[in-house]
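Structure data (PDB, C-alpha atoms) from final27.pdb:
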ATOM      1  CA  VAL A   7     -48.843  29.333 -42.093
ATOM      2  CA  ASN A   8     -47.001  30.261 -38.924
ATOM      3  CA  PRO A   9     -45.890  33.920 -39.055
ATOM      4  CA  LYS A  10     -43.265  33.423 -36.335
ATOM      5  CA  LEU A  11     -41.418  31.016 -38.610
ATOM      6  CA  LYS A  12     -40.942  33.719 -41.236
ATOM      7  CA  GLN A  13     -37.809  34.815 -39.331
ATOM      8  CA  LEU A  14     -36.325  31.325 -39.406
ATOM      9  CA  ARG A  15     -33.400  30.327 -41.630
ATOM     10  CA  VAL A  16     -33.048  26.575 -42.143
ATOM     11  CA  LEU A  17     -30.461  24.508 -43.999
ATOM     12  CA  VAL A  18     -31.308  21.076 -45.433
ATOM     13  CA  VAL A  19     -28.340  18.820 -46.238
ATOM     14  CA  ASP A  20     -28.885  15.696 -48.325
ATOM     15  CA  ASP A  21     -27.127  14.265 -51.359
ATOM     16  CA  ALA A  22     -30.488  13.102 -52.708
ATOM     17  CA  LYS A  23     -32.287  15.957 -54.443
ATOM     18  CA  ALA A  24     -35.724  14.466 -53.914
ATOM     19  CA  MET A  25     -35.202  14.311 -50.136
ATOM     20  CA  ARG A  26     -33.923  17.876 -50.017
ATOM     21  CA  ASP A  27     -37.001  18.982 -51.942
ATOM     22  CA  LEU A  28     -39.352  17.005 -49.688
ATOM     23  CA  ILE A  29     -38.120  18.601 -46.452
ATOM     24  CA  ARG A  30     -37.713  22.030 -48.037
ATOM     25  CA  ASN A  31     -41.304  21.986 -49.298
ATOM     26  CA  VAL A  32     -42.742  21.001 -45.921
ATOM     27  CA  LEU A  33     -40.816  23.803 -44.202
ATOM     28  CA  LEU A  34     -41.873  26.392 -46.767
ATOM     29  CA  MET A  35     -45.495  25.244 -46.552
ATOM     30  CA  ALA A  36     -45.289  25.705 -42.779
ATOM     31  CA  GLY A  37     -44.118  29.290 -43.189
ATOM     32  CA  VAL A  38     -40.357  29.031 -42.659
ATOM     33  CA  GLY A  39     -38.875  32.192 -44.172
ATOM     34  CA  GLU A  40     -35.717  30.830 -45.747
ATOM     35  CA  VAL A  41     -34.714  27.269 -46.601
ATOM     36  CA  ALA A  42     -31.282  26.717 -48.134
ATOM     37  CA  THR A  43     -30.083  23.327 -49.347
ATOM     38  CA  ALA A  44     -26.692  21.661 -49.685
ATOM     39  CA  VAL A  45     -25.719  18.544 -51.628
ATOM     40  CA  ASP A  46     -23.004  17.400 -49.233
ATOM     41  CA  GLY A  47     -21.361  18.057 -45.895
ATOM     42  CA  ALA A  48     -18.515  20.165 -47.278
ATOM     43  CA  LYS A  49     -20.874  22.497 -49.139
ATOM     44  CA  ALA A  50     -23.102  22.614 -46.056
ATOM     45  CA  ILE A  51     -20.235  23.787 -43.853
ATOM     46  CA  GLU A  52     -19.524  26.602 -46.331
ATOM     47  CA  ILE A  53     -23.174  27.652 -46.185
ATOM     48  CA  VAL A  54     -23.229  27.449 -42.386
ATOM     49  CA  LEU A  55     -20.219  29.744 -42.128
ATOM     50  CA  GLN A  56     -21.639  32.177 -44.665
ATOM     51  CA  THR A  57     -25.303  32.341 -43.683
ATOM     52  CA  ARG A  58     -25.446  31.002 -40.099
ATOM     53  CA  PRO A  59     -28.713  29.044 -40.339
ATOM     54  CA  HIS A  60     -30.832  28.795 -37.200
ATOM     55  CA  LEU A  61     -31.465  25.094 -37.677
ATOM     56  CA  ILE A  62     -30.074  22.254 -39.811
ATOM     57  CA  TYR A  63     -31.657  19.037 -41.096
ATOM     58  CA  VAL A  64     -28.916  16.642 -42.209
ATOM     59  CA  ASP A  65     -29.167  13.199 -43.768
ATOM     60  CA  TRP A  66     -27.018  10.508 -42.182
ATOM     61  CA  GLU A  67     -26.017   8.560 -45.297
ATOM     62  CA  MET A  68     -24.317  10.872 -47.725
ATOM     63  CA  HIS A  69     -21.431  10.373 -50.119
ATOM     64  CA  GLY A  70     -18.213  11.819 -48.747
ATOM     65  CA  MET A  71     -18.834  13.330 -45.333
ATOM     66  CA  SER A  72     -21.571  11.449 -43.485
ATOM     67  CA  GLY A  73     -24.263  13.219 -41.492
ATOM     68  CA  VAL A  74     -22.636  12.176 -38.221
ATOM     69  CA  ASP A  75     -19.253  13.537 -39.363
ATOM     70  CA  PHE A  76     -20.979  16.763 -40.340
ATOM     71  CA  VAL A  77     -22.485  17.059 -36.838
ATOM     72  CA  ARG A  78     -19.051  16.477 -35.295
ATOM     73  CA  ALA A  79     -17.547  19.156 -37.563
ATOM     74  CA  ILE A  80     -20.187  21.682 -36.524
ATOM     75  CA  ARG A  81     -19.883  20.836 -32.820
ATOM     76  CA  SER A  82     -16.117  21.270 -32.944
ATOM     77  CA  SER A  83     -16.232  24.533 -34.913
ATOM     78  CA  SER A  84     -14.418  27.449 -33.321
ATOM     79  CA  GLU A  85     -16.167  29.901 -35.625
ATOM     80  CA  GLY A  86     -18.340  32.190 -33.475
ATOM     81  CA  ASP A  87     -21.174  30.231 -31.968
ATOM     82  CA  VAL A  88     -21.668  27.900 -34.934
ATOM     83  CA  ARG A  89     -21.117  24.924 -32.617
ATOM     84  CA  PHE A  90     -24.443  25.598 -30.876
ATOM     85  CA  THR A  91     -26.534  25.323 -34.059
ATOM     86  CA  PRO A  92     -29.454  22.944 -33.524
ATOM     87  CA  ILE A  93     -29.189  19.876 -35.761
ATOM     88  CA  ILE A  94     -31.837  17.314 -36.679
ATOM     89  CA  MET A  95     -30.494  14.003 -38.009
ATOM     90  CA  VAL A  96     -32.578  12.488 -40.835
ATOM     91  CA  THR A  97     -32.123   8.764 -41.286
ATOM     92  CA  ALA A  98     -33.643   5.388 -41.971
ATOM     93  CA  HIS A  99     -31.530   3.884 -39.160
ATOM     94  CA  ALA A 100     -33.948   3.057 -36.369
ATOM     95  CA  GLU A 101     -31.567   0.895 -34.324
ATOM     96  CA  GLN A 102     -30.806   2.049 -30.787
ATOM     97  CA  SER A 103     -27.056   1.967 -31.500
ATOM     98  CA  ALA A 104     -27.522   4.409 -34.382
ATOM     99  CA  VAL A 105     -29.638   6.752 -32.261
ATOM    100  CA  LEU A 106     -26.955   6.653 -29.561
ATOM    101  CA  GLU A 107     -24.175   7.360 -32.058
ATOM    102  CA  ALA A 108     -26.043  10.377 -33.390
ATOM    103  CA  ARG A 109     -26.756  11.616 -29.857
ATOM    104  CA  GLN A 110     -23.104  11.245 -28.949
ATOM    105  CA  ALA A 111     -22.158  13.286 -32.004
ATOM    106  CA  GLY A 112     -24.330  16.088 -30.591
ATOM    107  CA  ILE A 113     -27.643  16.134 -32.445
ATOM    108  CA  HIS A 114     -30.790  17.716 -31.033
ATOM    109  CA  GLU A 115     -33.413  15.536 -32.683
ATOM    110  CA  TYR A 116     -33.753  12.386 -34.774
ATOM    111  CA  LEU A 117     -36.126  12.257 -37.772
ATOM    112  CA  LEU A 118     -36.798   8.758 -38.986
ATOM    113  CA  LYS A 119     -37.498   7.970 -42.662
ATOM    114  CA  PRO A 120     -40.018   7.567 -44.093
ATOM    115  CA  PHE A 121     -41.176  10.815 -42.564
ATOM    116  CA  THR A 122     -44.402  12.770 -42.807
ATOM    117  CA  ALA A 123     -44.978  16.505 -43.021
ATOM    118  CA  ARG A 124     -46.159  16.294 -39.421
ATOM    119  CA  SER A 125     -42.980  14.581 -38.165
ATOM    120  CA  VAL A 126     -40.708  17.066 -39.980
ATOM    121  CA  LEU A 127     -42.477  19.943 -38.201
ATOM    122  CA  ALA A 128     -42.705  18.125 -34.858
ATOM    123  CA  ARG A 129     -38.894  18.001 -34.669
ATOM    124  CA  LEU A 130     -38.616  21.700 -35.468
ATOM    125  CA  VAL A 131     -41.180  22.542 -32.782
ATOM    126  CA  SER A 132     -39.392  20.349 -30.270
ATOM    127  CA  VAL A 133     -36.015  22.031 -30.901
ATOM    128  CA  ILE A 134     -37.472  25.519 -30.448
ATOM    129  CA  ASN A 135     -39.889  24.838 -27.613
ATOM    130  CA  ASN A 136     -37.590  22.673 -25.516
ATOM    131  CA  PRO A 137     -34.152  24.289 -25.670
ATOM    132  CA  ARG A 138     -31.434  22.484 -23.753
ATOM    133  CA  ASP A 139     -28.160  23.798 -22.379
ATOM    134  CA  PHE A 140     -25.016  22.550 -24.012
ATOM    135  CA  VAL A 141     -22.725  20.381 -21.947
ATOM    136  CA  ARG A 142     -19.113  19.383 -22.380
ATOM    137  CA  ARG A 143     -18.250  16.147 -20.678
ATOM    138  CA  ASP A 144     -15.899  13.221 -21.373
ATOM    139  CA  GLY A 145     -15.307  14.290 -24.960
ATOM    140  CA  PHE A 146     -18.999  14.925 -25.600
ATOM    141  CA  PHE A 147     -20.200  18.354 -26.623
ATOM    142  CA  GLY A 148     -23.843  18.866 -27.412
ATOM    143  CA  PRO A 149     -27.276  19.491 -25.977
ATOM    144  CA  ALA A 150     -27.724  18.090 -22.474
ATOM    145  CA  PRO A 151     -29.609  14.785 -22.421
ATOM    146  CA  ARG A 152     -33.282  15.130 -21.686
ATOM    147  CA  THR A 153     -34.198  14.445 -18.087
ATOM    148  CA  PRO A 154     -37.377  12.508 -17.350
ATOM    149  CA  ALA A 155     -40.256  14.739 -16.259
ATOM    150  CA  ALA A 156     -40.657  14.977 -12.483
ATOM    151  CA  GLY A 157     -43.349  12.730 -11.045
TER     152      GLY A 157
ATOM    153  CA  MET B   7     -22.805   9.154 -23.193
ATOM    154  CA  VAL B   8     -22.153   8.261 -19.579
ATOM    155  CA  ASP B   9     -23.935  10.442 -17.080
ATOM    156  CA  GLU B  10     -22.183  11.298 -13.869
ATOM    157  CA  PRO B  11     -24.755  11.286 -11.083
ATOM    158  CA  ASN B  12     -24.502  13.847  -8.252
ATOM    159  CA  LYS B  13     -22.185  15.996 -10.301
ATOM    160  CA  PRO B  14     -23.640  18.943 -12.213
ATOM    161  CA  PRO B  15     -22.497  18.867 -15.841
ATOM    162  CA  PRO B  16     -20.109  21.658 -16.813
ATOM    163  CA  GLN B  17     -22.078  24.101 -18.967
ATOM    164  CA  ASP B  18     -20.385  25.495 -22.023
ATOM    165  CA  LYS B  19     -20.113  29.240 -22.292
ATOM    166  CA  ALA B  20     -23.544  30.662 -23.098
ATOM    167  CA  PRO B  21     -23.748  31.890 -26.682
ATOM    168  CA  PRO B  22     -24.061  35.629 -27.324
ATOM    169  CA  ALA B  23     -27.452  37.249 -27.865
ATOM    170  CA  GLU B  24     -27.164  36.902 -31.636
ATOM    171  CA  GLY B  25     -26.378  33.234 -31.264
ATOM    172  CA  PHE B  26     -27.940  30.365 -33.112
ATOM    173  CA  ASP B  27     -28.686  28.027 -30.277
ATOM    174  CA  ALA B  28     -32.144  26.694 -29.532
ATOM    175  CA  GLY B  29     -32.477  28.881 -26.396
ATOM    176  CA  THR B  30     -31.995  32.047 -28.425
ATOM    177  CA  LEU B  31     -34.511  30.832 -30.991
ATOM    178  CA  ARG B  32     -37.009  30.191 -28.214
ATOM    179  CA  ARG B  33     -36.548  33.690 -26.787
ATOM    180  CA  ARG B  34     -36.749  35.275 -30.215
ATOM    181  CA  LEU B  35     -39.709  33.328 -31.583
ATOM    182  CA  GLY B  36     -41.573  32.387 -28.421
ATOM    183  CA  ARG B  37     -43.384  29.092 -28.197
ATOM    184  CA  ILE B  38     -44.164  27.577 -31.604
ATOM    185  CA  SER B  39     -47.255  25.526 -32.240
ATOM    186  CA  PHE B  40     -49.397  24.376 -35.112
ATOM    187  CA  GLY B  41     -53.143  23.972 -34.868
ATOM    188  CA  GLU B  42     -54.599  20.677 -36.032
ATOM    189  CA  GLY B  43     -56.269  22.523 -38.922
ATOM    190  CA  GLU B  44     -52.934  24.022 -39.991
ATOM    191  CA  LEU B  45     -51.245  20.629 -39.869
ATOM    192  CA  LEU B  46     -54.019  19.033 -41.907
ATOM    193  CA  GLU B  47     -53.711  21.799 -44.467
ATOM    194  CA  ILE B  48     -49.927  21.287 -44.695
ATOM    195  CA  GLU B  49     -50.420  17.525 -44.971
ATOM    196  CA  ARG B  50     -52.952  17.970 -47.762
ATOM    197  CA  ALA B  51     -50.622  20.344 -49.617
ATOM    198  CA  PHE B  52     -47.749  17.902 -49.082
ATOM    199  CA  SER B  53     -49.864  15.000 -50.364
ATOM    200  CA  ARG B  54     -50.735  16.927 -53.518
ATOM    201  CA  TRP B  55     -47.086  17.739 -54.055
ATOM    202  CA  ALA B  56     -46.048  14.140 -53.341
ATOM    203  CA  ALA B  57     -48.648  12.827 -55.807
ATOM    204  CA  SER B  58     -47.257  15.041 -58.546
ATOM    205  CA  ARG B  59     -43.730  13.918 -57.578
ATOM    206  CA  SER B  60     -44.608  10.233 -57.848
ATOM    207  CA  ASP B  61     -44.720  10.384 -61.681
ATOM    208  CA  GLN B  62     -41.113  11.477 -61.587
ATOM    209  CA  LEU B  63     -40.281   8.700 -59.106
ATOM    210  CA  MET B  64     -41.624   6.059 -61.491
ATOM    211  CA  ALA B  65     -39.554   7.567 -64.331
ATOM    212  CA  GLU B  66     -36.482   7.485 -62.082
ATOM    213  CA  ILE B  67     -37.117   3.794 -61.364
ATOM    214  CA  GLU B  68     -37.104   3.063 -65.096
ATOM    215  CA  GLY B  69     -33.885   5.085 -65.384
ATOM    216  CA  LEU B  70     -32.310   3.027 -62.585
ATOM    217  CA  CYS B  71     -33.380  -0.243 -64.221
ATOM    218  CA  ARG B  72     -31.840   0.778 -67.533
ATOM    219  CA  ALA B  73     -28.620   1.940 -65.862
ATOM    220  CA  CYS B  74     -28.337  -1.388 -64.013
ATOM    221  CA  GLU B  75     -29.022  -3.359 -67.172
ATOM    222  CA  ARG B  76     -26.296  -1.440 -68.978
ATOM    223  CA  ALA B  77     -23.897  -2.198 -66.094
ATOM    224  CA  LEU B  78     -24.508  -5.953 -66.299
ATOM    225  CA  PRO B  79     -22.808  -8.383 -66.484
ATOM    226  CA  ASP B  80     -19.435  -6.842 -65.647
ATOM    227  CA  LEU B  81     -20.565  -4.146 -63.202
ATOM    228  CA  PRO B  82     -17.815  -1.625 -64.012
ATOM    229  CA  THR B  83     -16.870   0.689 -61.136
ATOM    230  CA  GLU B  84     -18.332   3.917 -62.495
ATOM    231  CA  ALA B  85     -21.564   2.292 -63.562
ATOM    232  CA  VAL B  86     -22.038   0.674 -60.147
ATOM    233  CA  ALA B  87     -21.398   4.007 -58.412
ATOM    234  CA  ASP B  88     -23.995   5.642 -60.666
ATOM    235  CA  CYS B  89     -26.552   2.886 -60.029
ATOM    236  CA  ARG B  90     -25.974   3.028 -56.273
ATOM    237  CA  ALA B  91     -26.456   6.807 -56.258
ATOM    238  CA  GLN B  92     -29.754   6.448 -58.132
ATOM    239  CA  LEU B  93     -30.789   3.619 -55.832
ATOM    240  CA  HIS B  94     -30.045   5.718 -52.733
ATOM    241  CA  ASP B  95     -32.129   8.586 -54.092
ATOM    242  CA  ILE B  96     -35.102   6.407 -55.037
ATOM    243  CA  SER B  97     -34.992   4.367 -51.834
ATOM    244  CA  GLY B  98     -34.984   7.496 -49.643
ATOM    245  CA  GLN B  99     -37.907   9.239 -51.257
ATOM    246  CA  ALA B 100     -40.144   6.267 -52.060
ATOM    247  CA  GLY B 101     -41.195   5.582 -48.455
ATOM    248  CA  THR B 102     -42.000   9.200 -47.771
ATOM    249  CA  LEU B 103     -43.972   9.470 -51.024
ATOM    250  CA  GLY B 104     -46.088   6.502 -49.947
ATOM    251  CA  PHE B 105     -44.292   3.629 -51.711
ATOM    252  CA  PRO B 106     -42.484   1.742 -48.932
ATOM    253  CA  LEU B 107     -42.438  -1.456 -50.993
ATOM    254  CA  ILE B 108     -40.113   0.277 -53.451
ATOM    255  CA  THR B 109     -37.818   1.166 -50.542
ATOM    256  CA  THR B 110     -37.833  -2.476 -49.401
ATOM    257  CA  VAL B 111     -36.880  -3.781 -52.859
ATOM    258  CA  CYS B 112     -34.247  -1.035 -53.286
ATOM    259  CA  ARG B 113     -32.601  -1.968 -49.984
ATOM    260  CA  SER B 114     -32.537  -5.609 -51.028
ATOM    261  CA  LEU B 115     -31.068  -4.681 -54.414
ATOM    262  CA  GLY B 116     -28.389  -2.598 -52.680
ATOM    263  CA  ARG B 117     -27.029  -5.784 -51.066
ATOM    264  CA  PHE B 118     -26.190  -7.198 -54.497
ATOM    265  CA  LEU B 119     -25.217  -4.099 -56.425
ATOM    266  CA  ARG B 120     -21.609  -4.238 -55.308
ATOM    267  CA  LEU B 121     -18.320  -4.475 -57.139
ATOM    268  CA  ASP B 122     -17.072  -7.439 -55.132
ATOM    269  CA  LEU B 123     -20.078  -9.494 -56.153
ATOM    270  CA  ALA B 124     -19.850  -9.336 -59.934
ATOM    271  CA  THR B 125     -20.831 -12.901 -60.805
ATOM    272  CA  PRO B 126     -23.484 -14.345 -63.138
ATOM    273  CA  VAL B 127     -25.584 -15.320 -60.104
ATOM    274  CA  VAL B 128     -25.530 -11.769 -58.818
ATOM    275  CA  GLY B 129     -26.451 -10.543 -62.293
ATOM    276  CA  GLU B 130     -29.499 -12.762 -62.133
ATOM    277  CA  LEU B 131     -30.382 -11.493 -58.657
ATOM    278  CA  ILE B 132     -30.136  -7.911 -59.838
ATOM    279  CA  ALA B 133     -32.383  -8.696 -62.809
ATOM    280  CA  ILE B 134     -34.988 -10.198 -60.455
ATOM    281  CA  HIS B 135     -35.000  -7.011 -58.370
ATOM    282  CA  LEU B 136     -35.338  -4.842 -61.456
ATOM    283  CA  ALA B 137     -38.335  -6.877 -62.586
ATOM    284  CA  ALA B 138     -39.907  -6.411 -59.130
ATOM    285  CA  LEU B 139     -39.291  -2.651 -59.218
ATOM    286  CA  ARG B 140     -40.792  -2.372 -62.702
ATOM    287  CA  SER B 141     -43.820  -4.354 -61.595
ATOM    288  CA  ILE B 142     -44.402  -2.108 -58.545
ATOM    289  CA  ALA B 143     -43.925   1.006 -60.652
ATOM    290  CA  ALA B 144     -46.270  -0.211 -63.404
ATOM    291  CA  GLN B 145     -48.985  -1.067 -60.883
ATOM    292  CA  ARG B 146     -48.224   1.983 -58.684
ATOM    293  CA  ILE B 147     -48.365  -0.220 -55.625
ATOM    294  CA  ALA B 148     -48.663   2.196 -52.718
ATOM    295  CA  GLY B 149     -48.308   1.430 -49.008
ATOM    296  CA  ASP B 150     -47.389  -2.161 -48.280
ATOM    297  CA  GLY B 151     -49.384  -3.133 -51.356
ATOM    298  CA  GLY B 152     -51.740  -5.408 -49.411
ATOM    299  CA  ALA B 153     -52.053  -8.917 -50.850
ATOM    300  CA  THR B 154     -50.332  -7.912 -54.107
ATOM    301  CA  GLY B 155     -47.423  -6.420 -52.196
ATOM    302  CA  ARG B 156     -47.048  -9.445 -49.941
ATOM    303  CA  ALA B 157     -47.164 -11.791 -52.931
ATOM    304  CA  LEU B 158     -44.545  -9.721 -54.733
ATOM    305  CA  GLU B 159     -42.246  -9.681 -51.695
ATOM    306  CA  ALA B 160     -42.652 -13.446 -51.249
ATOM    307  CA  GLU B 161     -41.905 -14.050 -54.944
ATOM    308  CA  LEU B 162     -38.795 -11.901 -54.676
ATOM    309  CA  GLN B 163     -37.571 -13.797 -51.621
ATOM    310  CA  GLN B 164     -38.222 -17.140 -53.287
ATOM    311  CA  ALA B 165     -36.378 -16.038 -56.418
ATOM    312  CA  ILE B 166     -33.408 -14.845 -54.336
ATOM    313  CA  GLU B 167     -33.232 -18.173 -52.483
ATOM    314  CA  LYS B 168     -33.553 -20.149 -55.724
ATOM    315  CA  VAL B 169     -30.698 -18.266 -57.377
ATOM    316  CA  ARG B 170     -28.552 -18.514 -54.265
ATOM    317  CA  LEU B 171     -28.965 -22.278 -54.158
ATOM    318  CA  LYS B 172     -27.749 -22.656 -57.740
TER     319      LYS B 172
END
For the file at hand, write its structure as structure tokens.
Amino acid sequence: VNPKLKQLRVLVVDDAKAMRDLIRNVLLMAGVGEVATAVDGAKAIEIVLQTRPHLIYVDWEMHGMSGVDFVRAIRSSSEGDVRFTPIIMVTAHAEQSAVLEARQAGIHEYLLKPFTARSVLARLVSVINNPRDFVRRDGFFGPAPRTPAAG
Amino acid sequence: MVDEPNKPPPQDKAPPAEGFDAGTLRRRLGRISFGEGELLEIERAFSRWAASRSDQLMAEIEGLCRACERALPDLPTEAVADCRAQLHDISGQAGTLGFPLITTVCRSLGRFLRLDLATPVVGELIAIHLAALRSIAAQRIAGDGGATGRALEAELQQAIEKVRLK
């Protein structure tokens, strides 16, 4: 659908096959060129190091390494510029404390379940259209918090 | 994160040109947007795909029910782990496929499908949830299910309370 997205390489990490398929299908329908999937955080890290995806969707609740632990692992990676990879956290946790925890781990966006095709793509658009500098402060490393629009 | 006012945040070293950060993506791809028509088309395609996927979801619910029934009454470790994995999978996809009531019942079931709760009362509670899931699947109750969905949720709550008071 969107020819610009043909160049994009995305990784979807979820231990539930159906959820991986759901997000993967939406991205492919939208024109994303390459969508890889991983069943857990450990496999995802291998794929990240091998293929360097441009963007990652990761589920919070996974067996073994959780989504938040995966984000921390990526943000603390010393491998090239892997630590800057944009990450979208997928979760059913809508509580403010959960959002804050994910933000503190260094995510770019938060995608709440149940999601729609529109919300999956809205997060992708937001990551690309509104890039933020990375900051390192008081143990935090991740995209700078959004500042309220002037006026 | 605590912001420090009046102090510019230290910026991490900018990634190289072949980096994978959002800024590089923005420069490489330019501004991304979808027209309303494109989004509607994607949504329609997604709906068609989701509809075809829902048959499989209903089959997976039956699979979960059978796995739970096999695990009762003792709830052995491996069987519980298997049931919880199936439950997680079904719960996650059901809402997105348009069956949030299934997600609600799955989350409730997850509270009882635990090793430390293997008692006859819990077995009964699990059976009540399985009956609710089978009923939703048989009737293909989408969305919140309207009056049928509300009645089913109320019946489930009443049954849970009744068993708990035993």
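The list of residues with at least one atom within 10 Å of segment 31-33 of chain B, based on all atoms listed in the file and without residues fewer than 2 positions apart in the same chain, reads Gln13, Leu14, His60, Leu61, Pro92, Val131, Val133, Ile134, Asn135, Asn136 and Pro137 of chain A; Ala23, Glu24, Gly25, Phe26, Asp27, Ala28, Gly29, Leu35, Gly36, Arg37 and Ile38 of chain B.
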The PyMOL selection byres ((chain A and resi 81-89) around 12) applied to the shown file, residues as number ranges by chain: A: 51-62, 74-80, 90-93, 109-114, 140-142, 145-149; B: 18-28, 30
Contact residues around His135 of chain B with all atoms listed in the file at 9 Å, ignoring same-chain residues under 5 positions, as a VMD selection string: chain B and resid 111 to 112 114 to 115 130 140 162 166
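Computed from the coordinates, the atom CA of Gly149 of chain B to atom CA of Leu103 of chain B distance equals 9.4 Å.
Taking all atoms listed in the file into account, chain B lies nearest to A:Leu106 out of the set A:Leu106, A:Val18, A:Ala44, A:Ile94.
Closest approach to chain A among B:Cys89, B:Ile96, B:Leu81, B:Met64: B:Ile96, based on only C-alpha atoms.
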All residues 12 Å or closer to Asp88 of chain B, only C-alpha atoms, same chain fewer than 2 positions away omitted, as a list in words: His69 of chain A; Gly69, Leu70, Cys71, Arg72, Ala73, Cys74, Arg76, Ala77, Leu81, Pro82, Thr83, Glu84, Ala85, Val86, Arg90, Ala91, Gln92, Leu93, His94, Asp95, Leu119 and Arg120 of chain B
Selected residues written out with C-alpha atoms, as a JSON list (two decimals), in the frame of the given file:
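Saved as again.json:
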[["chain", "number", "residue", "atom", "x", "y", "z"],
["A", 69, "HIS", "CA", -21.43, 10.37, -50.12],
["B", 69, "GLY", "CA", -33.88, 5.08, -65.38],
["B", 70, "LEU", "CA", -32.31, 3.03, -62.58],
["B", 71, "CYS", "CA", -33.38, -0.24, -64.22],
["B", 72, "ARG", "CA", -31.84, 0.78, -67.53],
["B", 73, "ALA", "CA", -28.62, 1.94, -65.86],
["B", 74, "CYS", "CA", -28.34, -1.39, -64.01],
["B", 76, "ARG", "CA", -26.30, -1.44, -68.98],
["B", 77, "ALA", "CA", -23.90, -2.20, -66.09],
["B", 81, "LEU", "CA", -20.56, -4.15, -63.20],
["B", 82, "PRO", "CA", -17.82, -1.62, -64.01],
["B", 83, "THR", "CA", -16.87, 0.69, -61.14],
["B", 84, "GLU", "CA", -18.33, 3.92, -62.50],
["B", 85, "ALA", "CA", -21.56, 2.29, -63.56],
["B", 86, "VAL", "CA", -22.04, 0.67, -60.15],
["B", 90, "ARG", "CA", -25.97, 3.03, -56.27],
["B", 91, "ALA", "CA", -26.46, 6.81, -56.26],
["B", 92, "GLN", "CA", -29.75, 6.45, -58.13],
["B", 93, "LEU", "CA", -30.79, 3.62, -55.83],
["B", 94, "HIS", "CA", -30.04, 5.72, -52.73],
["B", 95, "ASP", "CA", -32.13, 8.59, -54.09],
["B", 119, "LEU", "CA", -25.22, -4.10, -56.42],
["B", 120, "ARG", "CA", -21.61, -4.24, -55.31]]
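Remark: for chain A, the closest of the candidate residues B:Leu107, B:Thr102, B:Ala57, B:Leu46 is B:Thr102 (distances computed over only C-alpha atoms).
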Residues selected by the PyMOL selection byres ((chain B and resi 146) around 10), written as a ChimeraX atom specification: /B:60-61,64,105,108,140-145,147-149,151
Chain and number of each residue from the PyMOL selection byres ((chain B and resi 44) around 12), as a list in words: Val7, Asn8, Met35, Ala36, Gly37, Ala123, Arg124 and Leu127 of chain A; Ser39, Phe40, Gly41, Glu42, Gly43, Leu45, Leu46, Glu47, Ile48, Glu49, Arg50 and Ala51 of chain B
Near-segment 25-31 of chain A list (8 Å; only C-alpha atoms; drop same-chain fewer than 3 positions) as a ChimeraX atom specification: /A:18-22,34-35,41-43,123,126 /B:52,95,98-99
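The coordinates place atom CA of Arg59 of chain B at 15.0 Å from atom CA of Pro106 of chain B.
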Using only the atoms of segment 24-43 of chain A listed in the file, plus 4 Å on each side, state the axis-aligned box centre and edge lengths in Å rounded to one decimal, as lines of an AutoDock Vina configuration file.
center_x = -37.8
center_y = 23.3
center_z = -48.3
size_x = 23.4
size_y = 25.9
size_z = 19.3
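The interatomic distance for the pair atom CA of Glu167 of chain B and atom CA of Ser97 of chain B works out to 22.6 Å.
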